[in-house]
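Data block below; observations after.
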Amino acid sequence: MNRATALFAHALNMFLLAPATTLRVILPAVLWVMGAAAVAGVMASDALNAMHRVMADTAPPPTAQVLVLLACGIAGILGYALMAVLWHRHVLLDREAPEAELRPSMGVFWGYVGRAIVLGFVQFLAAIPIGLAMMLLSGLTGSSTAALMLIGLAAGVAFLWVALRLSLVLPAAAMGQTMPIRESWQATAPLAGVLWALAVLLAVVNTLLGVISGVLLPDDPGVRLLLDSALYIIEGLVFVSVLTTLYGHLIEGRALS
């Protein structure tokens with residue numbers, strides 16, 4: 001647990017100790033994500049309302065708004081990818097290098113997106129047995145709220161563990177390198193047990209942000225989307241920083257000091 005705590009603390013310190021620098025590095029991605037959310041809130045308000053009232057007897061939103069919402073969703077995902085690439089490169093390259101050297105080329109960016117798509121498919125396949133096991137466990141333990149919450153948390157931790165084992169390919173892609181997924185699995189094998197504890201810590205962060213989203217955010221779908229997007233940026237930055245820490249430690253041999 002101490003090793004997991006050290007990894008987690010190092011990942012958090014990378015962006016919490018210098019928040020102004022962190023914001024400067026990821027600002028293009030933040031503007032991209034929040035801009036996409038703002039456009040969706042203004043131009044596709046009916047579609048957003050329909051998504052939040054799927055059980056209500058409401059008229060379907062205009063097709064044009066659905067297309068706008070879909071385009072904004074894709075733009076937001078690309079914005080998150082840009083944030084990850086910018087942060088990986090900021091940490092793993094010379095932080096004092098000129099900004100132009102830290103910015104990714106279009107080839108690096110789209111290479112990262114391609115690797116993320118492949119990784120997402122592999123993780124989807126890995127999630128199938130996890131989901132089946134959790135369904136079986138829920139059938140054995142009953143349908144009480146507490147049991148379902150614990151099973152859901154266990155499933156989330158298992159999925160995060162798989163993601164941590166496989167996702168070193170992403171910081172590698174941000175550096176313009178191609179790492180096979182199998183190599184990421186092998187590289188993280190020495191920390192396989194530690195990564196379970198790290199997955200628990202990440203699950204706690206995700207759960208806390210989910211509680212904030214469910215309790216404090218307003219009912220207006222447009223405003224809620226903006227605030228949800230900001231929380232997703234925080235959640236994503238934590239995970240990206242953890243991956244950056246693991247890559248630097250396991251692949252580049254960096255200390256956790």
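Convention: chains lettered A, B, ... in structure tokens order; per-chain residue numbering from 1; ligands numbered from 1 as shown.
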Write out as a PyMOL selection string each polymer residue whose atoms come within 9 Å of stretch 106-122 of chain A, counting only C-alpha atoms; drop sequence neighbours fewer than 6 positions from it. chain A and resi 78+81-82+85+163+166-167+169-178+181
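By chain and then residue number, the residues within 12 Å of A:Leu137 are Ile130, Gly131, Ser143, Ala147, Leu148, Leu150, Ile151, Gly152, Ala154 and Ala155 of chain A, counting only C-alpha atoms and disregarding those fewer than 6 positions away in sequence.
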Excluding same-chain residues fewer than 4 positions from A:Ala197, what lies within 9 Å of it counting only C-alpha atoms, as a ChimeraX atom specification? /A:1,3-5,157,161,193,201-202
Smallest atom-to-atom distance to A:Leu86: which of A:Thr245, A:Thr145, A:Ser213, A:Thr22, using only C-alpha atoms?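 Between A:Thr245, A:Thr145, A:Ser213, A:Thr22, the residue approaching A:Leu86 most closely is A:Thr22.
Shortest separation to A:Glu235 among A:Cys72, A:Leu216, A:Ala84, A:Met179 occurs at residue A:Ala84, atoms counted being only C-alpha atoms.
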Which is closest to A:Leu225 among A:Ile128, A:Ala38, A:Ala29, A:Met149, if we use only C-alpha atoms? A:Ala38
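Atom CA of A:Phe239 is found 20.3 Å from atom CA of A:Arg182.
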Which of stretch 33-239 of chain A counts as helix (DSSP H, G or I) under DSSP, as a PyMOL selection string please? chain A and resi 33-43+45-52+63-92+99-102+106-141+145-166+169-174+181-187+189-216+221-239
Point-to-point distance from atom CA of A:Val215 to atom CA of A:Val30, Å rounded to tenths: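 If I compute the distance from atom CA of A:Val215 to atom CA of A:Val30, I get 23.5 Å.
Distances to A:Ala40 were evaluated for A:Ala18, A:Ala187, A:Leu195, A:Val223 using only C-alpha atoms, and the minimum falls at A:Val223.
Note that atom CA of A:Leu209 and atom CA of A:Tyr232 are 8.4 Å apart.
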